[in-house]
Amino acid sequence: MYYLLFILLLIALLGSIFFHCRRKKIICKVNGMDCCAKCSLLDELAYPFGYCFHCDCGFFSSTVDAPQKQAGYTWFYDYMAPRFQMVFDALPVYFDYRGRTWLIEFWKGQYGINTGAEIGIYHTDTIIPETDYKTTWFSCADRNEMLDISFLLCNRENECVRNEGRHWWLTAFLPGCFSKPADLSMEACIRFPNREMLSAFTKGLERAGFKEDQISVNGFTVCFVFCGNTTQRFNLITRFWRRFSQWKNKIFCKLYRWVTRPFVCTEDRILYLYFYLPAAFRRLLRLHRFNKRHCKGH
C-alpha cells in the first residue's frame, strides 16, 4: 500500500517538474519572438479556420474567403448555437430587393471565451414569403455583392472594439473577455449601392422593431445602435442552454486567463496557449455557429 502511494507521489512529482520546465521553456520562446513574428504566426495559425488576427487591437476577425461561406445561413444555426457555448442576441433584417429576399443579420454576445459581434449579408435566389424565413437556406453575398460595413462594440465598462471593411461577414472576437449579450451595445453602419436597396433595408429594420428616429441615414449609409431592442423570444430549452453555456463560458474564460497568466498582451497569451495546449487553441477558434453535421442537413 505504502509502496504504491510512494510510486504515485513520485509520478506526480516528476510530472510537475516536467510541466514546470516545459512551461518555462514556452515562456522564453514567446518572449524571444518579435512583434512581427508573433503577428505573422497568429495569422498563419488562424487562416485555416477562416480568421485573421489584428495585432494592433488584439482581436480575431473573419477573412473574405473564409470556408464558412460555403455553409451559408439558416435560422437553425442560431437555434443550435447555445448548445455549442455561443450565446448572443441576434437581429435579423429581411427585405426584398430586385427579385431576391435579402437578410442582413447582426449578432453580439459571447462565443466561448470570446466576446464578439458579427454582421452577415445573405440572400435567396427568389423572393420568399415571410412564413418561410426560418426554413430557408440563404447563400452568402458574392464579392460583387459585398457592402461597406462597420461596427463599434462596447460593454458596460465602455471598453470598445471597432472593425470595418467591405465584406459579406464582418466580425470581431476578443479572446479572454466575458460579457452578457444584454450588456453589449453595437453601433452598426452599412453603405448601400443605391437608394432603392437602402430604402428596402430601412423598412426591414423598422419591421424588426426599430423606430424611424432610431435610424440615421446619411447619403447611402444607414447607422443604428443594436442594444437590447431585439424581438427574440426563447423557449424553456433554449433558455436552459443559454444559461448553462454562459456558466461554462465564464469558467473557461477565467481558466484561460489563469493558464496564460504569465502574459498580459493578447497575442502573447494566445501563442502561449498554442504552444502549451494546442487543443485548447483550436477550440478558441471554433467561432462559427454550425458544424459539418448541421450543414449536411440543409
# chains A, B, ... in the order shown; residues from 1 in each chain; ligands from 1
>>> closest_atom_pairs(of="region 40-123 of chain A", to="region 137-150 of chain A", cutoff="12 Å", atoms="only C-alpha atoms", output="Markdown table")
| residue | atom | partner | partner_atom | distance |
| --- | --- | --- | --- | --- |
| A:Val64 | CA | A:Arg143 | CA | 8.5 |
| A:Asp65 | CA | A:Arg143 | CA | 9.5 |
| A:Ala66 | CA | A:Cys140 | CA | 11.2 |
| A:Pro67 | CA | A:Cys140 | CA | 11.3 |
| A:Gln68 | CA | A:Cys140 | CA | 9.4 |
| A:Lys69 | CA | A:Cys140 | CA | 6.1 |
| A:Gln70 | CA | A:Cys140 | CA | 7.9 |
| A:Ala71 | CA | A:Ser139 | CA | 7.8 |
| A:Gly72 | CA | A:Ser139 | CA | 4.6 |
| A:Tyr73 | CA | A:Phe138 | CA | 5.1 |
| A:Thr74 | CA | A:Trp137 | CA | 4.8 |
| A:Trp75 | CA | A:Trp137 | CA | 8.0 |
| A:Phe76 | CA | A:Trp137 | CA | 9.3 |
| A:Tyr77 | CA | A:Trp137 | CA | 10.3 |
| A:Tyr94 | CA | A:Phe138 | CA | 11.2 |
| A:Arg100 | CA | A:Phe138 | CA | 10.5 |
| A:Thr101 | CA | A:Phe138 | CA | 9.0 |
| A:Trp102 | CA | A:Phe138 | CA | 8.3 |
| A:Leu103 | CA | A:Phe138 | CA | 7.9 |
| A:Ile104 | CA | A:Ala141 | CA | 10.0 |
| A:Glu105 | CA | A:Phe138 | CA | 11.5 |
| A:Phe106 | CA | A:Ile149 | CA | 11.3 |
| A:Ala117 | CA | A:Ser150 | CA | 10.9 |
| A:Glu118 | CA | A:Ser150 | CA | 10.0 |
| A:Ile119 | CA | A:Ile149 | CA | 8.0 |
| A:Gly120 | CA | A:Cys140 | CA | 7.9 |
| A:Ile121 | CA | A:Ala141 | CA | 5.8 |
| A:Tyr122 | CA | A:Cys140 | CA | 4.4 |
| A:His123 | CA | A:Phe138 | CA | 5.2 |
>>> select_by_dssp(residues="region 57-241 of chain A", states="strand (DSSP E)", output="PyMOL selection string")
chain A and resi 59-62+86-97+100-111+114-123+139-140+147-154+160-167+169-175+185-191+216-218+221-226
>>> closest_residue(among="A:Pro92, A:Gly165, A:Gly219, A:Gly176", to="Val264 (chain A)", atoms="only C-alpha atoms")
A:Gly176
>>> closest_residue(among="A:Phe173, A:Phe281, A:Phe201, A:Tyr276", to="Lys24 (chain A)", atoms="only C-alpha atoms")
A:Tyr276
>>> closest_residue(among="A:Ser179, A:Asn31, A:Thr124, A:Ser185", to="Leu153 (chain A)", atoms="only C-alpha atoms")
A:Ser185
>>> residues_around(residues="region 244-253 of chain A", least_positions_apart="3", cutoff="9 Å", atoms="only C-alpha atoms", output="number ranges by chain")
A: 82-87, 110-114, 175-180, 239-241, 256-258
>>> residues_around(residues="region 41-47 of chain A", least_positions_apart="2", cutoff="12 Å", atoms="only C-alpha atoms", output="JSON, numbers by chain")
{"A": [30, 33, 34, 35, 36, 37, 38, 39, 49, 50, 51, 52, 53, 54, 55, 58, 59, 60, 61, 62, 63, 64, 65, 66, 67, 68, 266, 267, 268, 269, 270, 271, 272, 273, 274, 275, 278, 281, 282, 283, 284, 285, 286, 287]}
>>> atom_distance(atom1="CA of Ala172 (chain A)", atom2="CA of Val222 (chain A)")
20.1 Å
>>> residues_around(residues="Glu206 (chain A)", least_positions_apart="6", cutoff="12 Å", atoms="only C-alpha atoms", output="list in words")
Leu91, Pro92, Val93, Tyr94, Phe95, Ser199, Ala200, Glu212, Asp213, Gln214, Ile215, Phe224, Asn229, Thr230 and Thr231 of chain A
>>> write_last_selection(atoms="all heavy atoms", output="short mmCIF file (atom, residue, chain, number, x, y, z; two decimals), in the first residue's frame")
data_model
loop_
_atom_site.label_atom_id
_atom_site.label_comp_id
_atom_site.auth_asym_id
_atom_site.auth_seq_id
_atom_site.Cartn_x
_atom_site.Cartn_y
_atom_site.Cartn_z
N LEU A 91 -30.17 40.00 -34.44
CA LEU A 91 -31.13 40.91 -35.07
C LEU A 91 -31.15 40.62 -36.56
O LEU A 91 -30.32 41.12 -37.32
CB LEU A 91 -30.73 42.37 -34.81
CG LEU A 91 -31.56 43.43 -35.55
CD1 LEU A 91 -33.01 43.42 -35.06
CD2 LEU A 91 -30.94 44.81 -35.39
N PRO A 92 -32.10 39.80 -37.04
CA PRO A 92 -32.20 39.54 -38.47
C PRO A 92 -33.07 40.60 -39.15
O PRO A 92 -34.16 40.92 -38.67
CB PRO A 92 -32.88 38.16 -38.52
CG PRO A 92 -33.69 38.10 -37.26
CD PRO A 92 -32.99 38.96 -36.24
N VAL A 93 -32.56 41.14 -40.24
CA VAL A 93 -33.32 42.15 -41.01
C VAL A 93 -33.55 41.59 -42.41
O VAL A 93 -32.62 41.45 -43.19
CB VAL A 93 -32.56 43.49 -41.08
CG1 VAL A 93 -33.37 44.51 -41.88
CG2 VAL A 93 -32.27 44.01 -39.67
N TYR A 94 -34.80 41.27 -42.70
CA TYR A 94 -35.17 40.72 -44.01
C TYR A 94 -35.77 41.82 -44.87
O TYR A 94 -36.52 42.67 -44.38
CB TYR A 94 -36.21 39.61 -43.84
CG TYR A 94 -35.75 38.41 -43.05
CD1 TYR A 94 -35.94 38.35 -41.67
CD2 TYR A 94 -35.17 37.32 -43.68
CE1 TYR A 94 -35.53 37.23 -40.94
CE2 TYR A 94 -34.76 36.20 -42.97
CZ TYR A 94 -34.94 36.17 -41.60
OH TYR A 94 -34.55 35.06 -40.88
N PHE A 95 -35.46 41.78 -46.16
CA PHE A 95 -36.07 42.73 -47.09
C PHE A 95 -35.96 42.19 -48.52
O PHE A 95 -35.05 41.42 -48.83
CB PHE A 95 -35.41 44.12 -46.98
CG PHE A 95 -33.94 44.14 -47.28
CD1 PHE A 95 -33.46 44.50 -48.54
CD2 PHE A 95 -33.00 43.82 -46.30
CE1 PHE A 95 -32.10 44.53 -48.82
CE2 PHE A 95 -31.64 43.85 -46.57
CZ PHE A 95 -31.19 44.20 -47.83
N SER A 199 -33.53 51.96 -48.97
CA SER A 199 -34.91 52.11 -48.53
C SER A 199 -35.51 50.76 -48.13
O SER A 199 -36.21 50.65 -47.12
CB SER A 199 -35.75 52.74 -49.65
OG SER A 199 -37.10 52.85 -49.28
N ALA A 200 -35.20 49.71 -48.91
CA ALA A 200 -35.72 48.38 -48.60
C ALA A 200 -35.17 47.89 -47.26
O ALA A 200 -35.90 47.29 -46.45
CB ALA A 200 -35.35 47.41 -49.71
N GLU A 212 -38.35 55.03 -36.56
CA GLU A 212 -37.69 55.88 -37.56
C GLU A 212 -36.63 56.78 -36.93
O GLU A 212 -35.57 57.02 -37.53
CB GLU A 212 -38.75 56.73 -38.27
CG GLU A 212 -38.20 57.50 -39.46
CD GLU A 212 -39.28 58.25 -40.22
OE1 GLU A 212 -40.47 57.99 -39.97
OE2 GLU A 212 -38.93 59.09 -41.07
N ASP A 213 -36.90 57.28 -35.70
CA ASP A 213 -35.94 58.18 -35.07
C ASP A 213 -34.73 57.44 -34.50
O ASP A 213 -33.79 58.06 -34.01
CB ASP A 213 -36.61 59.01 -33.99
CG ASP A 213 -37.23 58.16 -32.88
OD1 ASP A 213 -37.18 56.91 -32.98
OD2 ASP A 213 -37.76 58.74 -31.91
N GLN A 214 -34.74 56.08 -34.54
CA GLN A 214 -33.59 55.30 -34.09
C GLN A 214 -32.65 54.95 -35.23
O GLN A 214 -31.62 54.33 -35.01
CB GLN A 214 -34.08 54.00 -33.43
CG GLN A 214 -34.87 54.20 -32.14
CD GLN A 214 -35.39 52.90 -31.58
OE1 GLN A 214 -36.03 52.12 -32.28
NE2 GLN A 214 -35.11 52.64 -30.32
N ILE A 215 -33.03 55.35 -36.44
CA ILE A 215 -32.24 55.03 -37.63
C ILE A 215 -31.71 56.33 -38.23
O ILE A 215 -32.46 57.27 -38.49
CB ILE A 215 -33.11 54.30 -38.68
CG1 ILE A 215 -33.76 53.06 -38.06
CG2 ILE A 215 -32.28 53.92 -39.89
CD1 ILE A 215 -34.82 52.41 -38.94
N PHE A 224 -27.33 52.65 -36.95
CA PHE A 224 -28.25 52.48 -35.82
C PHE A 224 -27.49 51.77 -34.71
O PHE A 224 -26.40 51.25 -34.92
CB PHE A 224 -29.49 51.67 -36.24
CG PHE A 224 -29.19 50.26 -36.62
CD1 PHE A 224 -29.31 49.22 -35.70
CD2 PHE A 224 -28.75 49.95 -37.91
CE1 PHE A 224 -29.02 47.91 -36.05
CE2 PHE A 224 -28.46 48.64 -38.26
CZ PHE A 224 -28.59 47.63 -37.34
N ASN A 229 -32.79 46.04 -27.97
CA ASN A 229 -34.03 46.06 -28.75
C ASN A 229 -34.05 44.92 -29.76
O ASN A 229 -33.85 45.09 -30.95
CB ASN A 229 -34.18 47.41 -29.46
CG ASN A 229 -32.89 47.86 -30.11
OD1 ASN A 229 -31.87 47.21 -29.98
ND2 ASN A 229 -32.94 48.97 -30.80
N THR A 230 -34.32 43.73 -29.28
CA THR A 230 -34.43 42.56 -30.13
C THR A 230 -35.77 41.89 -29.90
O THR A 230 -36.31 41.92 -28.80
CB THR A 230 -33.29 41.55 -29.84
OG1 THR A 230 -33.53 40.36 -30.59
CG2 THR A 230 -33.21 41.22 -28.37
N THR A 231 -36.33 41.32 -30.94
CA THR A 231 -37.63 40.66 -30.85
C THR A 231 -37.49 39.18 -30.50
O THR A 231 -38.47 38.45 -30.54
CB THR A 231 -38.38 40.80 -32.19
OG1 THR A 231 -37.57 40.24 -33.23
CG2 THR A 231 -38.66 42.26 -32.51
#
>>> select_by_dssp(residues="region 54-191 of chain A", states="alpha helix (DSSP H)", output="list in words")
Trp75, Phe76, Tyr77, Asp78, Tyr79 and Met80 of chain A
>>> atom_distance(atom1="CA of Lys203 (chain A)", atom2="CA of Asp96 (chain A)")
9.9 Å
>>> atom_distance(atom1="CA of Phe226 (chain A)", atom2="CA of Leu174 (chain A)")
18.5 Å
>>> closest_residue(among="A:Ala279, A:Leu255, A:Cys154, A:Ala188", to="Thr115 (chain A)", atoms="only C-alpha atoms")
A:Cys154
>>> decode(residues="region 87-211 of chain A", atoms="C-alpha atoms", output="PDB file, in the first residue's frame")
ATOM      1  CA  VAL A  87     -24.764  32.869 -26.513  1.00  0.00           C
ATOM      2  CA  PHE A  88     -25.737  36.023 -28.360  1.00  0.00           C
ATOM      3  CA  ASP A  89     -28.510  38.439 -29.242  1.00  0.00           C
ATOM      4  CA  ALA A  90     -29.429  38.304 -32.925  1.00  0.00           C
ATOM      5  CA  LEU A  91     -31.128  40.910 -35.065  1.00  0.00           C
ATOM      6  CA  PRO A  92     -32.201  39.536 -38.474  1.00  0.00           C
ATOM      7  CA  VAL A  93     -33.318  42.147 -41.010  1.00  0.00           C
ATOM      8  CA  TYR A  94     -35.173  40.718 -44.005  1.00  0.00           C
ATOM      9  CA  PHE A  95     -36.072  42.734 -47.091  1.00  0.00           C
ATOM     10  CA  ASP A  96     -36.900  42.201 -50.762  1.00  0.00           C
ATOM     11  CA  TYR A  97     -34.664  43.800 -53.379  1.00  0.00           C
ATOM     12  CA  ARG A  98     -34.579  43.209 -57.128  1.00  0.00           C
ATOM     13  CA  GLY A  99     -36.209  39.797 -57.210  1.00  0.00           C
ATOM     14  CA  ARG A 100     -34.484  38.369 -54.126  1.00  0.00           C
ATOM     15  CA  THR A 101     -35.103  38.205 -50.412  1.00  0.00           C
ATOM     16  CA  TRP A 102     -32.082  39.546 -48.580  1.00  0.00           C
ATOM     17  CA  LEU A 103     -31.044  39.021 -44.994  1.00  0.00           C
ATOM     18  CA  ILE A 104     -28.583  41.216 -43.148  1.00  0.00           C
ATOM     19  CA  GLU A 105     -28.161  39.858 -39.643  1.00  0.00           C
ATOM     20  CA  PHE A 106     -26.416  41.364 -36.635  1.00  0.00           C
ATOM     21  CA  TRP A 107     -25.079  39.399 -33.655  1.00  0.00           C
ATOM     22  CA  LYS A 108     -23.461  40.411 -30.360  1.00  0.00           C
ATOM     23  CA  GLY A 109     -22.593  38.235 -27.401  1.00  0.00           C
ATOM     24  CA  GLN A 110     -20.331  35.531 -26.037  1.00  0.00           C
ATOM     25  CA  TYR A 111     -18.636  32.959 -28.284  1.00  0.00           C
ATOM     26  CA  GLY A 112     -16.959  30.523 -25.930  1.00  0.00           C
ATOM     27  CA  ILE A 113     -14.226  32.550 -24.217  1.00  0.00           C
ATOM     28  CA  ASN A 114     -14.587  35.365 -26.764  1.00  0.00           C
ATOM     29  CA  THR A 115     -16.783  38.433 -26.602  1.00  0.00           C
ATOM     30  CA  GLY A 116     -17.725  39.324 -30.144  1.00  0.00           C
ATOM     31  CA  ALA A 117     -20.005  40.722 -32.808  1.00  0.00           C
ATOM     32  CA  GLU A 118     -20.916  39.861 -36.390  1.00  0.00           C
ATOM     33  CA  ILE A 119     -22.684  41.321 -39.403  1.00  0.00           C
ATOM     34  CA  GLY A 120     -23.601  38.875 -42.171  1.00  0.00           C
ATOM     35  CA  ILE A 121     -25.067  39.514 -45.624  1.00  0.00           C
ATOM     36  CA  TYR A 122     -27.128  36.772 -47.297  1.00  0.00           C
ATOM     37  CA  HIS A 123     -29.821  36.325 -49.929  1.00  0.00           C
ATOM     38  CA  THR A 124     -32.003  33.780 -51.691  1.00  0.00           C
ATOM     39  CA  ASP A 125     -32.385  33.335 -55.435  1.00  0.00           C
ATOM     40  CA  THR A 126     -36.034  34.409 -55.386  1.00  0.00           C
ATOM     41  CA  ILE A 127     -38.453  36.355 -53.229  1.00  0.00           C
ATOM     42  CA  ILE A 128     -39.811  34.156 -50.441  1.00  0.00           C
ATOM     43  CA  PRO A 129     -42.801  34.716 -48.124  1.00  0.00           C
ATOM     44  CA  GLU A 130     -42.219  35.743 -44.532  1.00  0.00           C
ATOM     45  CA  THR A 131     -43.541  32.395 -43.325  1.00  0.00           C
ATOM     46  CA  ASP A 132     -40.554  30.678 -44.965  1.00  0.00           C
ATOM     47  CA  TYR A 133     -37.840  32.828 -43.415  1.00  0.00           C
ATOM     48  CA  LYS A 134     -36.917  30.315 -40.702  1.00  0.00           C
ATOM     49  CA  THR A 135     -36.935  27.281 -43.006  1.00  0.00           C
ATOM     50  CA  THR A 136     -34.989  28.765 -45.931  1.00  0.00           C
ATOM     51  CA  TRP A 137     -31.281  28.398 -46.556  1.00  0.00           C
ATOM     52  CA  PHE A 138     -29.629  31.706 -47.556  1.00  0.00           C
ATOM     53  CA  SER A 139     -26.446  31.891 -49.585  1.00  0.00           C
ATOM     54  CA  CYS A 140     -23.705  34.355 -48.702  1.00  0.00           C
ATOM     55  CA  ALA A 141     -23.242  37.514 -50.711  1.00  0.00           C
ATOM     56  CA  ASP A 142     -20.734  37.208 -53.570  1.00  0.00           C
ATOM     57  CA  ARG A 143     -17.750  39.528 -53.926  1.00  0.00           C
ATOM     58  CA  ASN A 144     -19.636  41.903 -56.212  1.00  0.00           C
ATOM     59  CA  GLU A 145     -22.497  41.996 -53.677  1.00  0.00           C
ATOM     60  CA  MET A 146     -20.431  42.787 -50.587  1.00  0.00           C
ATOM     61  CA  LEU A 147     -21.107  46.051 -48.785  1.00  0.00           C
ATOM     62  CA  ASP A 148     -19.016  48.548 -46.840  1.00  0.00           C
ATOM     63  CA  ILE A 149     -19.739  47.721 -43.196  1.00  0.00           C
ATOM     64  CA  SER A 150     -18.515  48.966 -39.835  1.00  0.00           C
ATOM     65  CA  PHE A 151     -19.441  48.453 -36.213  1.00  0.00           C
ATOM     66  CA  LEU A 152     -18.388  49.599 -32.776  1.00  0.00           C
ATOM     67  CA  LEU A 153     -18.986  47.074 -29.996  1.00  0.00           C
ATOM     68  CA  CYS A 154     -18.938  48.350 -26.399  1.00  0.00           C
ATOM     69  CA  ASN A 155     -19.628  46.829 -22.990  1.00  0.00           C
ATOM     70  CA  ARG A 156     -20.899  48.500 -19.825  1.00  0.00           C
ATOM     71  CA  GLU A 157     -17.371  49.481 -18.816  1.00  0.00           C
ATOM     72  CA  ASN A 158     -17.178  51.394 -22.118  1.00  0.00           C
ATOM     73  CA  GLU A 159     -14.456  49.068 -23.415  1.00  0.00           C
ATOM     74  CA  CYS A 160     -14.898  49.032 -27.166  1.00  0.00           C
ATOM     75  CA  VAL A 161     -13.662  47.327 -30.313  1.00  0.00           C
ATOM     76  CA  ARG A 162     -14.180  48.590 -33.849  1.00  0.00           C
ATOM     77  CA  ASN A 163     -13.958  46.832 -37.180  1.00  0.00           C
ATOM     78  CA  GLU A 164     -14.787  47.907 -40.712  1.00  0.00           C
ATOM     79  CA  GLY A 165     -14.355  46.797 -44.291  1.00  0.00           C
ATOM     80  CA  ARG A 166     -16.039  45.638 -47.472  1.00  0.00           C
ATOM     81  CA  HIS A 167     -17.311  42.219 -46.536  1.00  0.00           C
ATOM     82  CA  TRP A 168     -20.063  39.624 -46.531  1.00  0.00           C
ATOM     83  CA  TRP A 169     -19.364  38.645 -42.888  1.00  0.00           C
ATOM     84  CA  LEU A 170     -17.670  41.286 -40.764  1.00  0.00           C
ATOM     85  CA  THR A 171     -16.691  40.097 -37.301  1.00  0.00           C
ATOM     86  CA  ALA A 172     -14.602  40.844 -34.228  1.00  0.00           C
ATOM     87  CA  PHE A 173     -13.849  38.376 -31.420  1.00  0.00           C
ATOM     88  CA  LEU A 174     -11.959  39.397 -28.271  1.00  0.00           C
ATOM     89  CA  PRO A 175     -10.291  36.379 -26.569  1.00  0.00           C
ATOM     90  CA  GLY A 176     -10.418  36.152 -22.794  1.00  0.00           C
ATOM     91  CA  CYS A 177     -13.311  38.596 -22.378  1.00  0.00           C
ATOM     92  CA  PHE A 178     -16.621  37.589 -20.818  1.00  0.00           C
ATOM     93  CA  SER A 179     -19.841  39.522 -21.392  1.00  0.00           C
ATOM     94  CA  LYS A 180     -23.562  39.113 -21.142  1.00  0.00           C
ATOM     95  CA  PRO A 181     -25.208  39.838 -24.512  1.00  0.00           C
ATOM     96  CA  ALA A 182     -27.566  42.351 -22.882  1.00  0.00           C
ATOM     97  CA  ASP A 183     -24.566  44.328 -21.576  1.00  0.00           C
ATOM     98  CA  LEU A 184     -23.214  44.890 -25.095  1.00  0.00           C
ATOM     99  CA  SER A 185     -24.188  47.651 -27.497  1.00  0.00           C
ATOM    100  CA  MET A 186     -23.377  47.557 -31.185  1.00  0.00           C
ATOM    101  CA  GLU A 187     -23.337  50.692 -33.316  1.00  0.00           C
ATOM    102  CA  ALA A 188     -23.553  49.440 -36.895  1.00  0.00           C
ATOM    103  CA  CYS A 189     -23.240  51.293 -40.201  1.00  0.00           C
ATOM    104  CA  ILE A 190     -23.802  49.956 -43.720  1.00  0.00           C
ATOM    105  CA  ARG A 191     -23.294  51.768 -47.006  1.00  0.00           C
ATOM    106  CA  PHE A 192     -25.620  50.630 -49.817  1.00  0.00           C
ATOM    107  CA  PRO A 193     -25.006  50.964 -53.565  1.00  0.00           C
ATOM    108  CA  ASN A 194     -28.245  52.850 -54.254  1.00  0.00           C
ATOM    109  CA  ARG A 195     -31.297  54.449 -52.682  1.00  0.00           C
ATOM    110  CA  GLU A 196     -33.542  51.506 -53.599  1.00  0.00           C
ATOM    111  CA  MET A 197     -31.608  48.974 -51.532  1.00  0.00           C
ATOM    112  CA  LEU A 198     -31.158  51.457 -48.691  1.00  0.00           C
ATOM    113  CA  SER A 199     -34.912  52.106 -48.531  1.00  0.00           C
ATOM    114  CA  ALA A 200     -35.717  48.376 -48.601  1.00  0.00           C
ATOM    115  CA  PHE A 201     -33.289  47.738 -45.735  1.00  0.00           C
ATOM    116  CA  THR A 202     -34.598  50.590 -43.540  1.00  0.00           C
ATOM    117  CA  LYS A 203     -38.149  49.289 -43.970  1.00  0.00           C
ATOM    118  CA  GLY A 204     -36.918  45.845 -42.925  1.00  0.00           C
ATOM    119  CA  LEU A 205     -35.209  47.413 -39.915  1.00  0.00           C
ATOM    120  CA  GLU A 206     -38.472  49.064 -38.909  1.00  0.00           C
ATOM    121  CA  ARG A 207     -40.297  45.731 -39.240  1.00  0.00           C
ATOM    122  CA  ALA A 208     -37.630  44.268 -36.937  1.00  0.00           C
ATOM    123  CA  GLY A 209     -38.692  46.717 -34.210  1.00  0.00           C
ATOM    124  CA  PHE A 210     -36.744  49.933 -34.809  1.00  0.00           C
ATOM    125  CA  LYS A 211     -38.467  53.294 -34.919  1.00  0.00           C
TER     126      LYS A 211
END
